[in-house]
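Report on one structure; see the data block that follows.
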Number of protein chains: 2
Amino acid sequence: MPDDQSRLDLFIDRMVSQRACLDFAIAETRSMPGPVFELGLGNGRTYHHMVQNVKGRPVYVFERAVASHPDSTPPEDRVILGDVRETLPAALRRFGATASVIHADLGGHNREKNDAFARFVSPLIQPLLAEGGLMVSSDRTYFDDLTELPLPPGAVQGRCFVYRR
Amino acid sequence: MPDDQSRLDLFIDRMVSQRACLDFAIAETRSMPGPVFELGLGNGRTYHHMVQNVKGRPVYVFERAVASHPDSTPPEDRVILGDVRETLPAALRRFGATASVIHADLGGHNREKNDAFARFVSPLIQPLLAEGGLMVSSDRTYFDDLTELPLPPGAVQGRCFVYRR
C-alpha cells in the first residue's frame with residue numbers, strides 16, 4: 001500500500017470498491033436469469049448486500065462452515081457447504097455454465113497465499129460463468145477466457161477486479 | 001437501519017464516518033500535548049490509522065487481550081491491558097485529565113447491549129479528557145460535561161459522534 005495510507009484507508013477503499021463493482025455487475029447482468037454465486041460468506045455483510053440488490057435470481061453461498069451474523073445467514077438450500085476444491089466442480093455438474101455473477105473475496109492477510117489460492121481457484125470458477133456473466137474479485141484472478149473490464153465509477157484501482165465472459 | 005440499506009452499506013458508512021471524525025479530532029487538537037486513547041484494539045486498523053496520523057503525541061490502547069494484525073500491534077508500553085472498569089479509573093490516577101483525543105468503537109452487534117455499555121462507561125471516560133479534548137465514538141455516549149459537535153464533512157449522521165470537553 002502507498003506509504004501514506006493506513007490500514008483503515010486501505011480497508012475502506014476495498015469495501016467501497018467491492019460495493020461499486022458488485023452494484024455494477026448486478027446491474028449489467030439484470031436481464032440474465034442465471035444464479036449468483038458468493039464464494040465465502042464470512043460475516044455475511046456482502047451476502048446481505050447481494051440478496052437485497054439481486055432481483056429474480058437465486059444467490060448461492062459457497063462456504064466451509066457458516067458463521068455469519070444472524071441477520072445475514074442464508075437459507076439452508078442456498079448454502080453449498082464444503083471445500084471449494086470439491087464444491088466448485090460439483091456446482092459445474094449441477095448448474096452448468098449458467099452463473100450471471102460470481103463474487104469472491106479471498107481476503108486473507110497474506111498477499112502471497114492469496115495469490116497462490118487465486119491461481120489455483122481461477123480455473124475452477126471460470127467454467128461456471130454464463131456467456132456475458134461477470135466475475136468480481138477483491139484479488140487479481142487468472143482466467144484464460146475472461147476479459148478484464150475497466151472499473152466502474154467509485155471503485156479504486158487495484159482494490160477490486162471485474163471480468164466478463 | 002433504513003430498509004434499503006444493506007449491512008455492507010451500513011458498515012461502509014460507519015467506517016467512513018469513523019475516519020472522518022478521527023481525522024477531524026486529530027486536526028482540531030494538534031496543538032494539545034496530551035495522549036490519545038484508543039478504547040479497544042480489535043483488528044488494529046483504526047490504531048494503525050491513528051498512529052500514522054497523530055504526530056508528537058503518544059497513542060495508548062486499552063484492551064482486554066491483544067489479537068491484532070501483526071502490522072498494527074502496539075508496543076507493549078503503549079498497551080493498557082485489562083477490564084475498562086479497572087483500567088479507566090487507573091488511567092485517571094496515572095494521567096489525570098490530559099487526553100487530547102479519546103476514541104471508542106464499542107461496536108458489538110447487539111444495539112441494547114452496546115447502549116447499556118455506553119451508559120456505563122461514559123462517566124469513566126469523561127474525566128480523562130483535557131479541557132478542549134475531543135471524544136469520538138461509534139455509538140451514542142452519555143456525558144454530563146461534554147458538548148456534542150456537528151459532524152465533519154464526509155461523516156454520516158448517526159454513524160459516529162464527536163464530543164468536546
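All residue names refer to the C-alpha cells as shown: chains lettered A, B, ... in order, residues numbered from 1 in each chain, ligands numbered from 1 in order.
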
Would you give me, as an mmCIF file with N, CA, C and O atoms, in the first residue's frame, the residues of chain A that come within 12 Å of chain B, using only C-alpha atoms?
data_model
loop_
_atom_site.group_PDB
_atom_site.id
_atom_site.type_symbol
_atom_site.label_atom_id
_atom_site.label_comp_id
_atom_site.auth_asym_id
_atom_site.auth_seq_id
_atom_site.Cartn_x
_atom_site.Cartn_y
_atom_site.Cartn_z
ATOM 1 N N ASP A 3 2.664 4.600 1.129
ATOM 2 C CA ASP A 3 3.161 4.860 2.474
ATOM 3 C C ASP A 3 2.214 5.693 3.329
ATOM 4 O O ASP A 3 2.197 5.561 4.540
ATOM 5 N N ASP A 4 1.450 6.572 2.695
ATOM 6 C CA ASP A 4 0.630 7.467 3.498
ATOM 7 C C ASP A 4 -0.763 6.900 3.754
ATOM 8 O O ASP A 4 -1.576 7.534 4.411
ATOM 9 N N GLN A 5 -1.043 5.706 3.266
ATOM 10 C CA GLN A 5 -2.340 5.077 3.535
ATOM 11 C C GLN A 5 -2.249 4.209 4.780
ATOM 12 O O GLN A 5 -1.323 3.418 4.924
ATOM 13 N N SER A 6 -3.233 4.357 5.639
ATOM 14 C CA SER A 6 -3.296 3.483 6.806
ATOM 15 C C SER A 6 -4.036 2.214 6.421
ATOM 16 O O SER A 6 -4.668 2.132 5.362
ATOM 17 N N ARG A 7 -3.991 1.217 7.298
ATOM 18 C CA ARG A 7 -4.771 0.000 7.036
ATOM 19 C C ARG A 7 -6.268 0.326 7.008
ATOM 20 O O ARG A 7 -7.020 -0.311 6.278
ATOM 21 N N LEU A 8 -6.687 1.331 7.767
ATOM 22 C CA LEU A 8 -8.097 1.744 7.725
ATOM 23 C C LEU A 8 -8.443 2.326 6.351
ATOM 24 O O LEU A 8 -9.486 2.008 5.775
ATOM 25 N N ASP A 9 -7.544 3.174 5.818
ATOM 26 C CA ASP A 9 -7.760 3.746 4.474
ATOM 27 C C ASP A 9 -7.900 2.635 3.431
ATOM 28 O O ASP A 9 -8.798 2.646 2.592
ATOM 29 N N LEU A 10 -6.982 1.692 3.510
ATOM 30 C CA LEU A 10 -6.948 0.589 2.545
ATOM 31 C C LEU A 10 -8.228 -0.249 2.629
ATOM 32 O O LEU A 10 -8.813 -0.636 1.618
ATOM 33 N N PHE A 11 -8.642 -0.503 3.849
ATOM 34 C CA PHE A 11 -9.832 -1.311 4.083
ATOM 35 C C PHE A 11 -11.079 -0.610 3.540
ATOM 36 O O PHE A 11 -11.923 -1.235 2.893
ATOM 37 N N ILE A 12 -11.190 0.690 3.813
ATOM 38 C CA ILE A 12 -12.344 1.454 3.298
ATOM 39 C C ILE A 12 -12.336 1.419 1.773
ATOM 40 O O ILE A 12 -13.371 1.181 1.146
ATOM 41 N N ASP A 13 -11.161 1.632 1.171
ATOM 42 C CA ASP A 13 -11.074 1.567 -0.297
ATOM 43 C C ASP A 13 -11.552 0.213 -0.819
ATOM 44 O O ASP A 13 -12.225 0.125 -1.847
ATOM 45 N N ARG A 14 -11.168 -0.856 -0.106
ATOM 46 C CA ARG A 14 -11.540 -2.202 -0.563
ATOM 47 C C ARG A 14 -13.048 -2.416 -0.469
ATOM 48 O O ARG A 14 -13.670 -2.951 -1.395
ATOM 49 N N MET A 15 -13.638 -1.993 0.651
ATOM 50 C CA MET A 15 -15.082 -2.204 0.836
ATOM 51 C C MET A 15 -15.894 -1.358 -0.147
ATOM 52 O O MET A 15 -16.877 -1.830 -0.722
ATOM 53 N N VAL A 16 -15.489 -0.105 -0.323
ATOM 54 C CA VAL A 16 -16.200 0.796 -1.242
ATOM 55 C C VAL A 16 -16.082 0.272 -2.676
ATOM 56 O O VAL A 16 -17.051 0.295 -3.443
ATOM 57 N N SER A 17 -14.896 -0.231 -3.031
ATOM 58 C CA SER A 17 -14.676 -0.752 -4.386
ATOM 59 C C SER A 17 -15.484 -2.020 -4.604
ATOM 60 O O SER A 17 -16.062 -2.242 -5.683
ATOM 61 N N GLN A 18 -15.522 -2.867 -3.588
ATOM 62 C CA GLN A 18 -16.286 -4.104 -3.689
ATOM 63 C C GLN A 18 -17.763 -3.793 -3.950
ATOM 64 O O GLN A 18 -18.376 -4.378 -4.844
ATOM 65 N N ARG A 19 -18.304 -2.852 -3.203
ATOM 66 C CA ARG A 19 -19.708 -2.496 -3.400
ATOM 67 C C ARG A 19 -19.947 -1.893 -4.785
ATOM 68 O O ARG A 19 -20.921 -2.249 -5.462
ATOM 69 N N ALA A 20 -19.054 -1.016 -5.214
ATOM 70 C CA ALA A 20 -19.214 -0.386 -6.535
ATOM 71 C C ALA A 20 -19.183 -1.450 -7.635
ATOM 72 O O ALA A 20 -19.986 -1.424 -8.572
ATOM 73 N N LEU A 22 -19.801 -4.752 -7.320
ATOM 74 C CA LEU A 22 -20.966 -5.636 -7.212
ATOM 75 C C LEU A 22 -22.209 -4.965 -7.774
ATOM 76 O O LEU A 22 -22.964 -5.583 -8.530
ATOM 77 N N ASP A 23 -22.424 -3.704 -7.410
ATOM 78 C CA ASP A 23 -23.604 -2.991 -7.918
ATOM 79 C C ASP A 23 -23.558 -2.917 -9.447
ATOM 80 O O ASP A 23 -24.580 -3.107 -10.117
ATOM 81 N N ASN A 43 -18.678 -12.871 7.516
ATOM 82 C CA ASN A 43 -19.610 -12.215 8.420
ATOM 83 C C ASN A 43 -21.003 -12.086 7.791
ATOM 84 O O ASN A 43 -22.003 -11.893 8.485
ATOM 85 N N GLY A 44 -21.076 -12.155 6.451
ATOM 86 C CA GLY A 44 -22.364 -12.130 5.780
ATOM 87 C C GLY A 44 -22.800 -10.764 5.266
ATOM 88 O O GLY A 44 -23.874 -10.644 4.671
ATOM 89 N N ARG A 45 -21.977 -9.723 5.469
ATOM 90 C CA ARG A 45 -22.353 -8.371 5.027
ATOM 91 C C ARG A 45 -22.550 -8.295 3.528
ATOM 92 O O ARG A 45 -23.505 -7.697 3.048
ATOM 93 N N THR A 46 -21.632 -8.900 2.775
ATOM 94 C CA THR A 46 -21.717 -8.794 1.324
ATOM 95 C C THR A 46 -22.870 -9.639 0.804
ATOM 96 O O THR A 46 -23.587 -9.233 -0.114
ATOM 97 N N TYR A 47 -23.070 -10.807 1.415
ATOM 98 C CA TYR A 47 -24.218 -11.634 1.064
ATOM 99 C C TYR A 47 -25.510 -10.843 1.272
ATOM 100 O O TYR A 47 -26.399 -10.836 0.417
ATOM 101 N N HIS A 48 -25.620 -10.180 2.407
ATOM 102 C CA HIS A 48 -26.797 -9.359 2.715
ATOM 103 C C HIS A 48 -27.013 -8.308 1.626
ATOM 104 O O HIS A 48 -28.138 -8.079 1.162
ATOM 105 N N HIS A 49 -25.917 -7.693 1.188
ATOM 106 C CA HIS A 49 -25.994 -6.670 0.137
ATOM 107 C C HIS A 49 -26.481 -7.283 -1.178
ATOM 108 O O HIS A 49 -27.309 -6.700 -1.877
ATOM 109 N N MET A 50 -25.974 -8.457 -1.497
ATOM 110 C CA MET A 50 -26.348 -9.088 -2.759
ATOM 111 C C MET A 50 -27.816 -9.510 -2.755
ATOM 112 O O MET A 50 -28.552 -9.260 -3.701
ATOM 113 N N VAL A 51 -28.241 -10.157 -1.673
ATOM 114 C CA VAL A 51 -29.632 -10.600 -1.586
ATOM 115 C C VAL A 51 -30.577 -9.401 -1.691
ATOM 116 O O VAL A 51 -31.648 -9.477 -2.298
ATOM 117 N N GLN A 52 -30.159 -8.277 -1.110
ATOM 118 C CA GLN A 52 -31.007 -7.085 -1.125
ATOM 119 C C GLN A 52 -31.078 -6.456 -2.520
ATOM 120 O O GLN A 52 -32.054 -5.796 -2.850
ATOM 121 N N ASN A 53 -30.049 -6.648 -3.321
ATOM 122 C CA ASN A 53 -29.979 -5.949 -4.605
ATOM 123 C C ASN A 53 -30.210 -6.830 -5.833
ATOM 124 O O ASN A 53 -30.526 -6.324 -6.902
ATOM 125 N N VAL A 54 -30.032 -8.144 -5.690
ATOM 126 C CA VAL A 54 -30.275 -9.055 -6.816
ATOM 127 C C VAL A 54 -31.765 -9.386 -6.845
ATOM 128 O O VAL A 54 -32.303 -9.856 -5.836
ATOM 129 N N SER A 68 -21.983 -16.677 10.114
ATOM 130 C CA SER A 68 -22.330 -15.297 9.782
ATOM 131 C C SER A 68 -23.222 -14.687 10.845
ATOM 132 O O SER A 68 -23.750 -15.369 11.722
ATOM 133 N N HIS A 69 -23.373 -13.393 10.769
ATOM 134 C CA HIS A 69 -24.310 -12.617 11.569
ATOM 135 C C HIS A 69 -25.723 -13.185 11.353
ATOM 136 O O HIS A 69 -26.081 -13.507 10.227
ATOM 137 N N PRO A 70 -26.527 -13.311 12.403
ATOM 138 C CA PRO A 70 -27.867 -13.912 12.264
ATOM 139 C C PRO A 70 -28.738 -13.218 11.198
ATOM 140 O O PRO A 70 -29.515 -13.883 10.511
ATOM 141 N N ASP A 71 -28.571 -11.896 11.029
ATOM 142 C CA ASP A 71 -29.337 -11.162 10.004
ATOM 143 C C ASP A 71 -28.990 -11.606 8.588
ATOM 144 O O ASP A 71 -29.709 -11.283 7.648
ATOM 145 N N SER A 72 -27.856 -12.262 8.416
ATOM 146 C CA SER A 72 -27.320 -12.500 7.086
ATOM 147 C C SER A 72 -26.995 -13.962 6.854
ATOM 148 O O SER A 72 -26.091 -14.287 6.097
ATOM 149 N N GLY A 108 -7.531 -12.975 2.592
ATOM 150 C CA GLY A 108 -6.630 -13.222 3.723
ATOM 151 C C GLY A 108 -5.656 -12.058 3.881
ATOM 152 O O GLY A 108 -5.616 -11.152 3.051
ATOM 153 N N HIS A 109 -4.873 -12.087 4.963
ATOM 154 C CA HIS A 109 -3.910 -11.016 5.194
ATOM 155 C C HIS A 109 -2.621 -11.251 4.410
ATOM 156 O O HIS A 109 -1.867 -10.334 4.148
ATOM 157 N N ASN A 110 -2.388 -12.520 4.053
ATOM 158 C CA ASN A 110 -1.115 -12.860 3.430
ATOM 159 C C ASN A 110 -1.240 -12.779 1.905
ATOM 160 O O ASN A 110 -1.918 -13.586 1.270
#

Exercise. Mind listing the alpha helix (DSSP H) residues of range 47-145 of chain A, per DSSP on the backbone, as a VMD selection string?
Key: chain A and resid 47 to 53 84 to 95 111 to 125

If you keep N, CA and C atoms, can you produce a file of those selected residues as a JSON list (two decimals), in the first residue's frame?
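In the end it all went to part-v2.json:
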[["chain", "number", "residue", "atom", "x", "y", "z"],
["A", 47, "TYR", "N", -23.07, -10.81, 1.42],
["A", 47, "TYR", "CA", -24.22, -11.63, 1.06],
["A", 47, "TYR", "C", -25.51, -10.84, 1.27],
["A", 48, "HIS", "N", -25.62, -10.18, 2.41],
["A", 48, "HIS", "CA", -26.80, -9.36, 2.71],
["A", 48, "HIS", "C", -27.01, -8.31, 1.63],
["A", 49, "HIS", "N", -25.92, -7.69, 1.19],
["A", 49, "HIS", "CA", -25.99, -6.67, 0.14],
["A", 49, "HIS", "C", -26.48, -7.28, -1.18],
["A", 50, "MET", "N", -25.97, -8.46, -1.50],
["A", 50, "MET", "CA", -26.35, -9.09, -2.76],
["A", 50, "MET", "C", -27.82, -9.51, -2.76],
["A", 51, "VAL", "N", -28.24, -10.16, -1.67],
["A", 51, "VAL", "CA", -29.63, -10.60, -1.59],
["A", 51, "VAL", "C", -30.58, -9.40, -1.69],
["A", 52, "GLN", "N", -30.16, -8.28, -1.11],
["A", 52, "GLN", "CA", -31.01, -7.09, -1.12],
["A", 52, "GLN", "C", -31.08, -6.46, -2.52],
["A", 53, "ASN", "N", -30.05, -6.65, -3.32],
["A", 53, "ASN", "CA", -29.98, -5.95, -4.60],
["A", 53, "ASN", "C", -30.21, -6.83, -5.83],
["A", 84, "VAL", "N", -13.94, -25.67, -1.58],
["A", 84, "VAL", "CA", -14.17, -25.26, -2.98],
["A", 84, "VAL", "C", -13.50, -26.19, -3.99],
["A", 85, "ARG", "N", -12.46, -26.90, -3.57],
["A", 85, "ARG", "CA", -11.83, -27.89, -4.47],
["A", 85, "ARG", "C", -12.85, -28.92, -4.94],
["A", 86, "GLU", "N", -13.83, -29.19, -4.06],
["A", 86, "GLU", "CA", -14.87, -30.17, -4.42],
["A", 86, "GLU", "C", -16.18, -29.50, -4.83],
["A", 87, "THR", "N", -16.52, -28.40, -4.12],
["A", 87, "THR", "CA", -17.85, -27.81, -4.36],
["A", 87, "THR", "C", -17.93, -27.06, -5.70],
["A", 88, "LEU", "N", -16.82, -26.49, -6.17],
["A", 88, "LEU", "CA", -16.88, -25.79, -7.46],
["A", 88, "LEU", "C", -17.06, -26.78, -8.62],
["A", 89, "PRO", "N", -16.26, -27.86, -8.67],
["A", 89, "PRO", "CA", -16.52, -28.85, -9.73],
["A", 89, "PRO", "C", -17.93, -29.47, -9.62],
["A", 90, "ALA", "N", -18.41, -29.69, -8.40],
["A", 90, "ALA", "CA", -19.76, -30.24, -8.23],
["A", 90, "ALA", "C", -20.82, -29.24, -8.73],
["A", 91, "ALA", "N", -20.56, -27.95, -8.51],
["A", 91, "ALA", "CA", -21.50, -26.92, -8.98],
["A", 91, "ALA", "C", -21.54, -26.89, -10.50],
["A", 92, "LEU", "N", -20.43, -27.18, -11.14],
["A", 92, "LEU", "CA", -20.40, -27.19, -12.61],
["A", 92, "LEU", "C", -21.29, -28.32, -13.13],
["A", 93, "ARG", "N", -21.22, -29.47, -12.46],
["A", 93, "ARG", "CA", -22.09, -30.59, -12.85],
["A", 93, "ARG", "C", -23.56, -30.24, -12.61],
["A", 94, "ARG", "N", -23.83, -29.54, -11.51],
["A", 94, "ARG", "CA", -25.22, -29.25, -11.13],
["A", 94, "ARG", "C", -25.83, -28.10, -11.95],
["A", 95, "PHE", "N", -25.06, -27.02, -12.14],
["A", 95, "PHE", "CA", -25.63, -25.80, -12.76],
["A", 95, "PHE", "C", -25.18, -25.60, -14.21],
["A", 111, "ARG", "N", -0.57, -11.80, 1.35],
["A", 111, "ARG", "CA", -0.67, -11.50, -0.08],
["A", 111, "ARG", "C", -0.26, -12.67, -0.95],
["A", 112, "GLU", "N", 0.85, -13.31, -0.59],
["A", 112, "GLU", "CA", 1.36, -14.42, -1.42],
["A", 112, "GLU", "C", 0.42, -15.62, -1.38],
["A", 113, "LYS", "N", -0.09, -15.91, -0.19],
["A", 113, "LYS", "CA", -1.04, -17.03, -0.05],
["A", 113, "LYS", "C", -2.30, -16.76, -0.86],
["A", 114, "ASN", "N", -2.82, -15.51, -0.76],
["A", 114, "ASN", "CA", -4.00, -15.13, -1.54],
["A", 114, "ASN", "C", -3.77, -15.36, -3.02],
["A", 115, "ASP", "N", -2.60, -14.92, -3.49],
["A", 115, "ASP", "CA", -2.31, -15.00, -4.91],
["A", 115, "ASP", "C", -2.21, -16.46, -5.35],
["A", 116, "ALA", "N", -1.59, -17.28, -4.53],
["A", 116, "ALA", "CA", -1.48, -18.71, -4.86],
["A", 116, "ALA", "C", -2.87, -19.34, -4.93],
["A", 117, "PHE", "N", -3.73, -18.95, -3.98],
["A", 117, "PHE", "CA", -5.08, -19.50, -3.95],
["A", 117, "PHE", "C", -5.88, -19.01, -5.16],
["A", 118, "ALA", "N", -5.69, -17.75, -5.53],
["A", 118, "ALA", "CA", -6.38, -17.18, -6.69],
["A", 118, "ALA", "C", -5.99, -17.94, -7.97],
["A", 119, "ARG", "N", -4.70, -18.27, -8.10],
["A", 119, "ARG", "CA", -4.25, -19.01, -9.28],
["A", 119, "ARG", "C", -4.85, -20.41, -9.31],
["A", 120, "PHE", "N", -4.96, -20.99, -8.12],
["A", 120, "PHE", "CA", -5.50, -22.34, -8.04],
["A", 120, "PHE", "C", -6.99, -22.39, -8.34],
["A", 121, "VAL", "N", -7.71, -21.39, -7.83],
["A", 121, "VAL", "CA", -9.17, -21.45, -7.88],
["A", 121, "VAL", "C", -9.75, -20.88, -9.19],
["A", 122, "SER", "N", -8.98, -20.05, -9.87],
["A", 122, "SER", "CA", -9.48, -19.40, -11.10],
["A", 122, "SER", "C", -10.02, -20.39, -12.13],
["A", 123, "PRO", "N", -9.28, -21.47, -12.45],
["A", 123, "PRO", "CA", -9.81, -22.40, -13.46],
["A", 123, "PRO", "C", -11.03, -23.19, -12.98],
["A", 124, "LEU", "N", -11.27, -23.21, -11.68],
["A", 124, "LEU", "CA", -12.48, -23.88, -11.17],
["A", 124, "LEU", "C", -13.69, -22.94, -11.27],
["A", 125, "ILE", "N", -13.44, -21.63, -11.26],
["A", 125, "ILE", "CA", -14.51, -20.63, -11.31],
["A", 125, "ILE", "C", -14.95, -20.38, -12.75]]

Practice problem: Could you give me, as a PyMOL selection string, the residues within 6 Å of range 154-163 of chain A, counting only C-alpha atoms and dropping anything in the same chain fewer than 4 positions from it? | Solution: chain A and resi 14+17+20+134-138+146-149

Residue subset to file, keeping N, CA and C atoms, as a PDB file, in the first residue's frame:
ATOM      1  N   ARG A  14     -11.168  -0.856  -0.106  1.00  0.00           N
ATOM      2  CA  ARG A  14     -11.540  -2.202  -0.563  1.00  0.00           C
ATOM      3  C   ARG A  14     -13.048  -2.416  -0.469  1.00  0.00           C
ATOM      4  N   SER A  17     -14.896  -0.231  -3.031  1.00  0.00           N
ATOM      5  CA  SER A  17     -14.676  -0.752  -4.386  1.00  0.00           C
ATOM      6  C   SER A  17     -15.484  -2.020  -4.604  1.00  0.00           C
ATOM      7  N   ALA A  20     -19.054  -1.016  -5.214  1.00  0.00           N
ATOM      8  CA  ALA A  20     -19.214  -0.386  -6.535  1.00  0.00           C
ATOM      9  C   ALA A  20     -19.183  -1.450  -7.635  1.00  0.00           C
ATOM     10  N   LEU A 134     -20.501 -11.966 -15.219  1.00  0.00           N
ATOM     11  CA  LEU A 134     -19.405 -11.167 -14.673  1.00  0.00           C
ATOM     12  C   LEU A 134     -18.838 -11.790 -13.407  1.00  0.00           C
ATOM     13  N   MET A 135     -17.527 -11.680 -13.290  1.00  0.00           N
ATOM     14  CA  MET A 135     -16.813 -12.138 -12.097  1.00  0.00           C
ATOM     15  C   MET A 135     -16.244 -10.914 -11.393  1.00  0.00           C
ATOM     16  N   VAL A 136     -16.524 -10.775 -10.088  1.00  0.00           N
ATOM     17  CA  VAL A 136     -15.988  -9.675  -9.286  1.00  0.00           C
ATOM     18  C   VAL A 136     -15.084 -10.279  -8.227  1.00  0.00           C
ATOM     19  N   SER A 137     -13.874  -9.737  -8.106  1.00  0.00           N
ATOM     20  CA  SER A 137     -12.923 -10.300  -7.159  1.00  0.00           C
ATOM     21  C   SER A 137     -12.135  -9.193  -6.466  1.00  0.00           C
ATOM     22  N   SER A 138     -11.870  -9.397  -5.175  1.00  0.00           N
ATOM     23  CA  SER A 138     -11.065  -8.423  -4.431  1.00  0.00           C
ATOM     24  C   SER A 138      -9.573  -8.650  -4.664  1.00  0.00           C
ATOM     25  N   LEU A 146     -11.673 -14.972 -19.912  1.00  0.00           N
ATOM     26  CA  LEU A 146     -12.451 -13.816 -19.455  1.00  0.00           C
ATOM     27  C   LEU A 146     -11.692 -12.533 -19.786  1.00  0.00           C
ATOM     28  N   THR A 147     -12.455 -11.465 -19.953  1.00  0.00           N
ATOM     29  CA  THR A 147     -11.866 -10.166 -20.278  1.00  0.00           C
ATOM     30  C   THR A 147     -11.954  -9.260 -19.070  1.00  0.00           C
ATOM     31  N   GLU A 148     -10.829  -8.669 -18.657  1.00  0.00           N
ATOM     32  CA  GLU A 148     -10.873  -7.732 -17.534  1.00  0.00           C
ATOM     33  C   GLU A 148     -11.529  -6.431 -18.006  1.00  0.00           C
ATOM     34  N   LEU A 149     -12.479  -5.923 -17.227  1.00  0.00           N
ATOM     35  CA  LEU A 149     -13.195  -4.701 -17.602  1.00  0.00           C
ATOM     36  C   LEU A 149     -12.622  -3.500 -16.841  1.00  0.00           C
TER      37      LEU A 149
END

Practice problem: Find the residue from B:Glu131, B:Leu41, B:Ala97, B:Asp83 that sits nearest to Val66 in chain B; use only C-alpha atoms when measuring. | Solution: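 Checking each candidate against Val66 in chain B, we get B:Leu41 as the closest.
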
Exercise. Using DSSP on the backbone coordinates, identify all residues within chain A classified as strand (DSSP E); present the result as a ChimeraX atom specification.
Key: /A:36-39,59-63,79-81,99-104,129-137,147-148,161-164

Quiz item: With only C-alpha atoms as the atoms that count, which of B:Ala67, B:Glu76, B:Val59, B:Asp145 lies nearest to Ser100 in chain B?
Solution: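 Smallest separation from Ser100 in chain B among the options: B:Val59.
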
Self-check item: Distance in Å - CA of Pro153 in chain A versus CA of Pro35 in chain A
Solution: 25.1 Å

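The space between CA of Glu63 in chain A and CA of Leu129 in chain A spans 18.5 Å.
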
Practice problem: Report the distance between CA of Arg165 in chain B and CA of Gly42 in chain B in Å, rounded to one decimal place. | Solution: 26.4 Å

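The shortest atom-to-atom distance to Tyr142 in chain A, with only C-alpha atoms taken into account, belongs to A:Gln126 out of A:Thr29, A:Gln126, A:Thr98, A:Thr73.
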